[in-house]
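In what follows, a single structure is set out as C-alpha cells and then discussed.
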Amino acid sequence: MESLWRAATGSSWKATDETYGGVEFWTNPERSGWLTKQGEYIKTWRRRWFVLKQGKLFWFKESVVSRSSRPRGVIPVGTCLTVKGAEDVIKRPFSFELSTSRETMYFFADSEKEKEDWINSIGRSIVQHSRSVTDSEVVDYDAKSGAR
C-alpha cells in the first residue's frame, strides 16, 4: 500500500492534512462502507471502513468518521487505471482490484452487490478525476486560425 501511495503522490502513504486535498471526508461521501483490503508487505487481510469522496479513497479503522478522524491511508483515484473483479486472481468471492501503472491493490466486499457498487463508484471517480491530456496539450484551434 505504501508504494502505491508513493507512486501516486511521490510521498509516504500515511495520510496527513495535506493529503486530504481539502476534502471533508466526514460529510456526504459518494460511497462508504466496510471492505477488507490486503496489506502491501505482510499479505494479511484487514477490514477497514472506506470513504470515497471527491476523487480520493480514504480508509479508517472505525466506521464512525468525524472531522477529528485521521485516515489510515488515502488513494487519489485519478492516478488509478483500472478497477475490476479479481475472484480469479485472489480466489476469494466478492473481490476486486484497483491498479495504477506500478501496483495493484486487492479488496473484497461482503456481497456481490457491494462489490459491484464499489467497482462502479470507483470507476466513475477514476473517469471524473483522471486527466487524459494536460492543459499544455490542449490546442485552441480558433485562436490559432484567427477565427472569431
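Ligands are numbered from 1 in the order shown, residues from 1 within each chain, and chains are lettered A, B, ... in the order they appear in the C-alpha cells.
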
Item to check | DSSP-assigned helix (DSSP H, G or I) members of segment 30-113 of chain A, reported as a ChimeraX atom specification | outcome: /A:77-79,87-90,112-113

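Using only C-alpha atoms, the nearest neighbour of Lys115 of chain A within the list A:Glu103, A:Glu30, A:Asp88, A:Glu97 is A:Glu97.
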
Next on the checklist: With DSSP run on the backbone, what are the strand (DSSP E or B) residues within segment 22-145 of chain A? I'd like them as a ChimeraX atom specification.
Outcome noted: /A:31-38,45-53,56-60,73-76,82-85,95-99,104-108

Checklist entry - Neighbours of Leu57 of chain A within 6 Å (only C-alpha atoms; same-chain residues fewer than 6 positions away dropped), as an NGL selection string? => result :A and (51 or 74-75)

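Across the structure, atom CA of Arg47 of chain A and atom CA of Val65 of chain A are spaced 15.3 Å apart.
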
Checklist entry - Can you tell me, as a list of chain:residue names, what residues are no more than 8 Å from segment 110-114 of chain A when counting only C-alpha atoms, ignoring any on the same chain fewer than 3 positions away? => result A:Trp34, A:Leu35, A:Pro93, A:Phe94, A:Asp117, A:Trp118

Next on the checklist: Give me, as a ChimeraX atom specification, all polymer residues having an atom no more than 12 Å from Arg92 of chain A, counting only C-alpha atoms and skipping those fewer than 3 positions away in the same chain.
Outcome noted: /A:36-38,45,85-89,95-97,106-112,115

Next on the checklist: Can you tell me which residues surround Glu62 of chain A at a distance of at most 9 Å, considering only C-alpha atoms, apart from same-chain residues fewer than 2 positions away, and format the answer as an NGL selection string?
Outcome noted: :A and (48-49 or 59-60 or 64-65)

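One finds atom CA of Arg70 of chain A at 25.1 Å from atom CA of Ser130 of chain A.
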
Item to check | Separation of atom CA of Leu81 of chain A from atom CA of Thr100 of chain A in Å | outcome: 5.2 Å
